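Below is one structure, written out as structure tokens, with a few remarks after it.
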Amino acid sequence: MVESEDFPQCGFNLLETSVCGELVVTKSNCNNDSLTCQSLLLPIADLPVLKSATQEVVETCLNLEELAIFHRRNTQTIWPKENDLSAVYSLEQCPPSSTLQVERNETTGEILGVFEEDIHSGINLTAKNACTMARAPGAPVDRTRGSSNNFPFWPGGMEEPNADELISVTKSEGEEIDFQSDLLSCPAGFETGVTFEANQIGQEHKLNMSDIFDQYAFEELGSIPEPKVEVVPKEQSDKPLVNMENETVDKLLPSLNLKSTRSPSENIAMPGDKPLSEEKWAYKVDIDTSVTNFHQQVPVMARTWPFELDTFQKQAVLKLEDRKSVFVAAHTSAGKTVVAEYAIALSAKHMTRVIYTSPIKALSNQKFRDFKQTFSDVGLITGDVQINPDAFCLIMTTEILRSMLYNGSDTIRDLEWVIFDEVHYINDSERGVVWEEVLIMLPVHCNVVLLSATVPNTMEFANWIGRTKQKKIYVISTQKRPVPLTHYLYTGNSNKTNDQMFLIVDSNRKFDTAGYQKALTARTERSNKQQKTGAKVQRITNPASDKGIWLSLLNRLCKLNQLPVVAFTFSRKRCDENAALLSSLDLTSTQEKSEIHIFVNKCVKKLKGSDQNLPQVQQMSEQLQHGIGVHHSGILPILKEVVEMLFARGLVKLLFATETFAMGVNMPARTVVFDSLRKHDGTKMRNLLAGEYIQMAGRAGRRGLDDVGNVIILCKGQVPEMAELQIMMLGRPTKLESQFRLTYGMILNLLRVEQLRVEEVMKRSFSEFGSRKNSKAREQRVRELNVQMKRGEEMRELIETTDYEDYLNTCQELLRLRKSVYKQVLSSPSSTKLIHPGRIVVLSCSPYQQHLAVTLKVNTSRVEKYFTVMVLTEKEPPKTDINCWDPRYIMGQLLTVPVSTPCEKLLEITIDDILVITNKKLKIQSDRIFEDCKRREIPRFSSDLPDKATGIALQELLRILQSKDCGQVDLRADLGVNEIDMVENILSMNSLIDLVTSAFQCVSSPLFNTQVHEVAAFVQLKKELNDLKYLLSEKSLLLLPEFKQRKLVLKQLRYIDFGGAVQLKGRVACEISSHEIVLTEIIFENVFSTMEPAEIVALLSSVVFQQRVDMGDVTLTPNLKEGMNKIIEVAKSVGELQWAQGIQQPVEDFVKTLNFGLVEVVYEWAQGTSFKDITNLTLVQEGMVVRTIQRLYETCRDVRNAARVIGDPTLFEKMKTCSELIKRDIVFAASLYTQ
């Protein structure tokens, strides 16, 4: 029996079963007086039979509703809410909108003053809905690369949109927003919306706050005492005070040294910091004057070097210390890397981040190794490699940085410097747009360091960057190379003629004509000698003759101690052939051979199995033993790195390389040799440009090792023309030019952020800089014109009630069209009939307006035809107070009659000086008249009487003038003009003539001569205003028509809706970096749904492979052929849609952007075939195969992310498998620079 002493107030019994001893609570029948409760003991019965496990599972599955989770527990309790009326009396304090910050001297820490700073509340702001830095950080996994769902940070220099700006812009464009009736009520993509009806509450129901305040006696409240304020004298403060609207708040604040609400950074210029007429953002730094007090200005440098810095490097360091952006355009080997290293050291000192961008992956790897030795905390991010992404210094390609900016990477928050190396790569037609996008999208707190070879338009480019980012850019350029160059022509072809090396440009950049003539003579003599002996003169060399040329040249260079040599050859095949020809040449010593053998074997051992025995590996190892190397895109990446490292150590004496070796890899030599001066640029063979030649020739001359660098041009065939050599060697480098273009990826990435507009990015591109750089002055002029237009209200009323404006527009159109027709006829075979000696014309040039003239000569020696005419005038200067808007003037009928004695005047005129070509012709002796007039222009013959021929011509002109029998020439009847375009223009001109002469009433007004000039001036102001507004508006953007066309394509394909909002397909396309539209369509068409991973990755190679191959040599399985046809159909449909919307890219050209030449190779690689075996399936070189598969890995990752966005787990797993299948062995061997 269980006593209930512990529960005196509880009425229940405990029931204990006799079998298992389980206690069950039952209701007790005892009352409060008897608190003793007894437990009940059930009688012992038979043991229960346990159910089998199968039976329990079946019963449980058939009676799921009996599970305990569906039972309501008896212990659930509801606590009623208690009302607390006092809670409504208290309100949370609103957060402040601004705060006071102290400004300090960056060097000494001294307090300079106080400024007010806006507080952007970050509440509810995330990477998914805001562009501000105040938003909450994103997920840690997306910290480095960001996410396509993130908003980018707000680009620096781009003003955030606001309602006042929108209203002012719409008003200036003639539109006005009515916030009562013009607002939309239906969201984009919805069929119906919400109808907001006006509130019909009467006036008697409106609540006035003053009525409430009157009920309380606020006068009884104690007044707030005013604090003691220390006033800072005006002469002691150079900071403007904050203008506060509330006087009470002004009294509460002490008069401190306040600034306006803006960032304290001085390098961020604000509107109004300078006169509107000046829009200068680039400042050239003087490097001719040495910096004498450098160490006083920078007492503690962030980084030091064991050598004295050059002047340009010191100037760059000073600007970096002031946190200014710099553009360093210096010659090769001048020491631009010092500037980059100091920016990195400053970032480490400030505990911020820095990003170093390069145009190519090979240069990124090399810089990673170099900076790793100097700064231990360095990271590398490329398409397939990510090393230490949390480092303060990150090295990456420009494409990676663009992706991080669009994806809102949190790494950008701490970014202080972005270093752009090889900025002249912006001229690349394919990838140059990336540089412009990155510069436009960088946030305001990021400063830039631009490193480039010498270019002629550094100030223009820096001005564009400064205007785009609203920052001052300081341009630092070197005037000459640290190691001068000498240029030679080599005409020898054997050891007997290896002394035929002639200097043509010395170290002072002076062209030696005598040296050129010697080279020409030597080449001609050998050709003549070959002809005498009966040998065939070869204009195109063969391998045997090439071998002789190279052996003789290298023999001479060895004697002169001019090794190592970089031989630039503009063909991968020729590089390999030249290296193979010189297999018998040995340029290394025994010790050097040992070093090469050890190093090459050590690197090759890092490869797996059969990869160590690849033919290219064996061949390259043997060539390197002799000191000969090859460097081009067809070489395996690891072998290229081996060659680069051996060349840097001086063990490679002769390097055959293509142009890419000069683009980024900083490895100078003593001598540079040009195998040829002509290259194929993808469309045609042409001579090297000056910039290309200078870039490659600049690899000659090692600073600190060589006094001069030698550049040698091989004259295998004929000696190049002198003019061509002068242009290449002494010409100006290639200008930096915009390669900005619109891509679907850019458009979708910007459209998904409502605050960002594609038009704003287009407006800030380098291509639009020429037309936008004077926008401030134009805006000022618009304001002035608006003021003038407001003063002319009476004139506006006159224009609205009369037809003056239509008349003036018709006259201007007639004058324009008539000049155009005359110029068309002059460029046609009928030109000899239009104007010839004897034709009478009416002039419009001042001061001979409305004067008759007869044509004497037609001159064609200049680009534009000009005519010698004899004008009928008078001795006194003619007056020009003629109403040029008179219809008779327009028709050439208000002719000027000489008042005094008539005379003649010879003039040279163009077609623009002729108002009307008449239908009158005179039979004159034009040559005799011309000679007579010229003779009497001499002072001693000026009083002579005119010649008889001249007098007759003058009398005829007077007769025609007095008879007024002079009309316009009929171009169709008199000249027989029958070209369709000209006939249409002539008919239009005739109809305009009829309108001018009879269709307008304003010409009959008695005040016509007075009013027409006033109206014309007003109309001219209006036209100028409209032109300026057009230039300032987005309608003048060069790429605006293409943008509208591409938006139509996206709407038709349902990537965006008709309101411009990005849809699911658009979000998927944002995940893909290249061929985003075609790949997205392929994904949504389920082309890959029935394919195996190996087949999918093989077909995806078509979007990354670039080299053209013969498809007849490619063998595909039936599934691959079917998949290829489906992809071509998708691409064709997209191309046809583009063409239908007006995009000028033929469908065939769009389909050809997909290249299926490596499908078989990639398929076999994904099946596990060794690399040695797949190279036997194609003629494509090994390096190109590796590069394609590496890029394919990035594409697989993009498609995998796209499958995640869609929610397709099957495709996601397939793409994950694809990545695993191809990422193996030599294709993804680790870079030697990262080990």
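Here, A, B, ... name the chains of the structure tokens in the order displayed, residue numbers run from 1 inside each chain, and ligands are numbered from 1 in the same displayed order.
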Checklist line | Members of segment 311-424 of chain A assigned strand (DSSP E or B) by DSSP, as a PyMOL selection string | finding: chain A and resi 325-329+353-358+378-381+386-387+393-397+415-420
Check: Counting only C-alpha atoms, what is within 8 Å of segment 424-432 of chain A, bar same-chain residues fewer than 2 positions away, as number ranges by chain?
Finding: A: 359, 422, 434-436, 452-453, 455, 736-740
Restricting the output to N, CA, C and O atoms, write the selected residues as a compact mmCIF listing (two decimals), in the first residue's frame.
# COMPACT_ATOMS: atom_id res chain seq x y z
N PRO A 359 46.23 39.49 -66.45
CA PRO A 359 45.40 39.09 -67.59
C PRO A 359 45.41 37.59 -67.87
O PRO A 359 44.47 37.08 -68.47
N GLU A 422 49.43 44.93 -66.39
CA GLU A 422 49.29 44.83 -67.85
C GLU A 422 47.97 45.43 -68.31
O GLU A 422 47.15 44.78 -68.99
N VAL A 434 36.34 43.06 -69.82
CA VAL A 434 36.36 42.69 -68.41
C VAL A 434 37.00 43.79 -67.58
O VAL A 434 36.55 44.11 -66.48
N TRP A 435 38.08 44.40 -68.09
CA TRP A 435 38.75 45.47 -67.35
C TRP A 435 37.79 46.65 -67.13
O TRP A 435 37.75 47.22 -66.04
N GLU A 436 37.04 47.01 -68.14
CA GLU A 436 36.11 48.12 -68.00
C GLU A 436 35.01 47.79 -66.99
O GLU A 436 34.63 48.64 -66.17
N SER A 452 51.11 49.60 -66.51
CA SER A 452 50.98 49.40 -67.95
C SER A 452 52.30 49.72 -68.63
O SER A 452 53.15 50.45 -68.09
N ALA A 453 52.46 49.17 -69.83
CA ALA A 453 53.54 49.62 -70.69
C ALA A 453 53.21 51.03 -71.18
O ALA A 453 52.10 51.53 -70.98
N VAL A 455 51.91 53.95 -73.15
CA VAL A 455 50.83 54.14 -74.12
C VAL A 455 50.68 55.65 -74.33
O VAL A 455 50.94 56.45 -73.43
N LEU A 736 45.27 53.01 -75.92
CA LEU A 736 44.27 52.23 -75.19
C LEU A 736 42.90 52.57 -75.76
O LEU A 736 42.49 53.73 -75.77
N GLU A 737 42.22 51.58 -76.25
CA GLU A 737 40.91 51.77 -76.87
C GLU A 737 39.89 50.86 -76.20
O GLU A 737 40.21 49.76 -75.76
N SER A 738 38.68 51.36 -76.16
CA SER A 738 37.61 50.60 -75.49
C SER A 738 37.20 49.40 -76.33
O SER A 738 37.04 49.49 -77.55
N GLN A 739 37.04 48.27 -75.67
CA GLN A 739 36.50 47.06 -76.28
C GLN A 739 35.17 46.70 -75.63
O GLN A 739 34.75 45.54 -75.66
N PHE A 740 34.52 47.70 -75.04
CA PHE A 740 33.29 47.46 -74.30
C PHE A 740 32.19 46.96 -75.22
O PHE A 740 31.98 47.49 -76.31
Margin query: Show me, as an MDAnalysis selection string, the residues that have an atom within 7 Å of segment 1184-1201 of chain A when counting only C-alpha atoms, minus same-chain residues fewer than 2 positions from it.
Written below: chainID A and resid 383:384 633:634 1071:1072 1101 1104:1105 1180:1182 1203:1205 1212 1215:1216 1218:1219 1227
Selection to disk with N, CA and C atoms, as a compact mmCIF listing (two decimals), in the first residue's frame:
# COMPACT_ATOMS: atom_id res chain seq x y z
N GLY A 383 40.47 29.74 -61.89
CA GLY A 383 39.27 28.99 -62.19
C GLY A 383 39.19 27.65 -61.51
N ASP A 384 40.34 26.95 -61.37
CA ASP A 384 40.34 25.60 -60.81
C ASP A 384 41.19 25.47 -59.56
N SER A 633 51.34 28.28 -76.52
CA SER A 633 50.12 27.72 -75.91
C SER A 633 49.95 26.24 -76.18
N GLY A 634 50.67 25.67 -77.13
CA GLY A 634 50.56 24.25 -77.40
C GLY A 634 51.41 23.39 -76.49
N GLU A 1071 24.49 32.07 -63.45
CA GLU A 1071 25.45 31.12 -62.89
C GLU A 1071 26.50 30.70 -63.91
N ILE A 1072 26.29 31.02 -65.17
CA ILE A 1072 27.14 30.52 -66.25
C ILE A 1072 27.96 31.67 -66.80
N SER A 1101 32.38 20.53 -74.09
CA SER A 1101 33.66 21.06 -74.58
C SER A 1101 33.47 21.99 -75.76
N VAL A 1104 33.97 25.75 -74.92
CA VAL A 1104 35.25 26.27 -74.44
C VAL A 1104 36.39 26.05 -75.44
N PHE A 1105 36.24 25.12 -76.35
CA PHE A 1105 37.30 24.85 -77.32
C PHE A 1105 37.26 25.91 -78.41
N VAL A 1180 45.40 18.44 -82.51
CA VAL A 1180 45.51 19.57 -81.58
C VAL A 1180 46.64 19.30 -80.60
N GLN A 1181 47.45 20.32 -80.36
CA GLN A 1181 48.61 20.14 -79.50
C GLN A 1181 48.20 19.93 -78.04
N GLU A 1182 49.13 19.32 -77.30
CA GLU A 1182 48.83 18.89 -75.94
C GLU A 1182 48.41 20.06 -75.05
N ALA A 1203 22.02 23.73 -61.97
CA ALA A 1203 21.10 22.65 -61.57
C ALA A 1203 20.63 22.85 -60.13
N ARG A 1204 21.50 23.37 -59.30
CA ARG A 1204 21.09 23.65 -57.91
C ARG A 1204 20.02 24.74 -57.86
N VAL A 1205 20.17 25.76 -58.69
CA VAL A 1205 19.17 26.84 -58.73
C VAL A 1205 17.83 26.31 -59.20
N PHE A 1212 22.43 17.73 -61.07
CA PHE A 1212 23.48 18.15 -60.14
C PHE A 1212 24.47 17.03 -59.91
N MET A 1215 26.63 16.40 -63.07
CA MET A 1215 27.68 17.38 -63.28
C MET A 1215 28.79 17.23 -62.24
N LYS A 1216 28.43 16.81 -61.06
CA LYS A 1216 29.45 16.54 -60.05
C LYS A 1216 30.33 15.38 -60.50
N CYS A 1218 30.81 14.54 -63.63
CA CYS A 1218 31.59 15.04 -64.77
C CYS A 1218 32.88 15.70 -64.28
N SER A 1219 32.78 16.52 -63.26
CA SER A 1219 33.97 17.19 -62.74
C SER A 1219 34.97 16.18 -62.21
N VAL A 1227 46.49 16.80 -66.63
CA VAL A 1227 45.65 17.94 -66.97
C VAL A 1227 45.51 18.88 -65.78
Next item on the list: Find the residues around segment 1048-1053 of chain A up to 7 Å (only C-alpha atoms counted), leave out those fewer than 3 positions away in its own chain, and share them as a list in words.
Entry: Lys1044, Gln1045, Ile1056, Asp1057, Phe1058, Leu1137, Gln1138 and Gln1141 of chain A
Requested write-out: N, CA and C atoms of the selected residues, as a PDB file, in the first residue's frame:
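Output below, filename selection23.pdb:
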ATOM      1  N   LYS A1044      18.517  47.355 -76.272  1.00  0.00           N
ATOM      2  CA  LYS A1044      17.080  47.120 -76.419  1.00  0.00           C
ATOM      3  C   LYS A1044      16.823  45.828 -77.193  1.00  0.00           C
ATOM      4  N   GLN A1045      17.661  45.561 -78.195  1.00  0.00           N
ATOM      5  CA  GLN A1045      17.491  44.328 -78.965  1.00  0.00           C
ATOM      6  C   GLN A1045      17.755  43.098 -78.093  1.00  0.00           C
ATOM      7  N   ILE A1056      13.620  37.347 -68.691  1.00  0.00           N
ATOM      8  CA  ILE A1056      13.068  38.445 -67.913  1.00  0.00           C
ATOM      9  C   ILE A1056      11.617  38.621 -68.331  1.00  0.00           C
ATOM     10  N   ASP A1057      10.837  39.190 -67.436  1.00  0.00           N
ATOM     11  CA  ASP A1057       9.448  39.448 -67.812  1.00  0.00           C
ATOM     12  C   ASP A1057       9.364  40.802 -68.502  1.00  0.00           C
ATOM     13  N   PHE A1058       8.174  41.197 -68.892  1.00  0.00           N
ATOM     14  CA  PHE A1058       8.024  42.424 -69.653  1.00  0.00           C
ATOM     15  C   PHE A1058       8.232  43.666 -68.787  1.00  0.00           C
ATOM     16  N   LEU A1137      16.497  34.025 -83.462  1.00  0.00           N
ATOM     17  CA  LEU A1137      15.770  35.010 -82.665  1.00  0.00           C
ATOM     18  C   LEU A1137      16.561  36.309 -82.560  1.00  0.00           C
ATOM     19  N   GLN A1138      17.875  36.185 -82.378  1.00  0.00           N
ATOM     20  CA  GLN A1138      18.708  37.384 -82.327  1.00  0.00           C
ATOM     21  C   GLN A1138      18.630  38.157 -83.633  1.00  0.00           C
ATOM     22  N   GLN A1141      15.474  40.083 -84.053  1.00  0.00           N
ATOM     23  CA  GLN A1141      15.368  41.279 -83.218  1.00  0.00           C
ATOM     24  C   GLN A1141      16.340  42.374 -83.635  1.00  0.00           C
TER      25      GLN A1141
END
Near-Cys1002 of chain A list (12 Å; only C-alpha atoms; drop same-chain fewer than 2 positions) as a PDB file with C-alpha atoms, in the first residue's frame:
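Now in part10.pdb:
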ATOM      1  CA  LEU A 798       4.030  84.056 -81.258  1.00  0.00           C
ATOM      2  CA  ILE A 799       5.381  80.699 -82.421  1.00  0.00           C
ATOM      3  CA  THR A 801      -0.096  81.192 -83.031  1.00  0.00           C
ATOM      4  CA  THR A 802       1.824  81.408 -86.337  1.00  0.00           C
ATOM      5  CA  ASP A 803       3.642  79.116 -88.737  1.00  0.00           C
ATOM      6  CA  TYR A 804       7.062  80.749 -88.305  1.00  0.00           C
ATOM      7  CA  GLU A 805       8.680  77.651 -86.832  1.00  0.00           C
ATOM      8  CA  ASP A 806       7.430  75.377 -89.617  1.00  0.00           C
ATOM      9  CA  TYR A 807       8.633  77.878 -92.185  1.00  0.00           C
ATOM     10  CA  LEU A 808      12.119  78.083 -90.679  1.00  0.00           C
ATOM     11  CA  TRP A 885      15.140  84.106 -94.254  1.00  0.00           C
ATOM     12  CA  ASP A 886      13.386  85.870 -97.095  1.00  0.00           C
ATOM     13  CA  PRO A 887      11.918  83.301 -99.517  1.00  0.00           C
ATOM     14  CA  VAL A 996       8.738  77.737 -99.259  1.00  0.00           C
ATOM     15  CA  THR A 997       7.354  79.842-102.109  1.00  0.00           C
ATOM     16  CA  SER A 998       3.637  79.472-101.473  1.00  0.00           C
ATOM     17  CA  ALA A 999       2.590  77.462 -98.411  1.00  0.00           C
ATOM     18  CA  PHE A1000       3.286  79.746 -95.450  1.00  0.00           C
ATOM     19  CA  SER A1004       2.855  87.883 -95.876  1.00  0.00           C
ATOM     20  CA  SER A1005       2.982  89.528 -92.466  1.00  0.00           C
ATOM     21  CA  PRO A1006       4.071  93.205 -92.499  1.00  0.00           C
ATOM     22  CA  LEU A1007       6.327  92.432 -89.524  1.00  0.00           C
ATOM     23  CA  PHE A1008       7.962  89.474 -91.236  1.00  0.00           C
ATOM     24  CA  ASN A1009      11.436  91.016 -91.624  1.00  0.00           C
ATOM     25  CA  THR A1010      11.504  91.919 -87.914  1.00  0.00           C
ATOM     26  CA  GLN A1011       9.847  88.900 -86.391  1.00  0.00           C
ATOM     27  CA  VAL A1012      11.517  86.200 -88.440  1.00  0.00           C
ATOM     28  CA  VAL A1015      11.840  83.713 -84.025  1.00  0.00           C
TER      29      VAL A1015
END
Next item on the list: Tell me which protein, DNA and RNA residues are within 10 Å of Gln1106 of chain A, counting only C-alpha atoms, leaving out same-chain ones fewer than 2 positions away, and put them as a list in words.
Entry: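 Here the qualifying residues turn out to be Ser1101, Ser1102, Val1103, Val1104, Arg1108, Val1109, Thr1153, Leu1154, Asn1155, Phe1156, Gly1157, Leu1158, Met1184 and Thr1188 of chain A.
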Note to self: I'd like to know which of A:Ser771, A:Gln1167, A:Ser148, A:Ser991 is closest to Arg752 of chain A, using only C-alpha atoms.
What the structure shows: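 Selected residue with least distance to Arg752 of chain A: A:Ser148.
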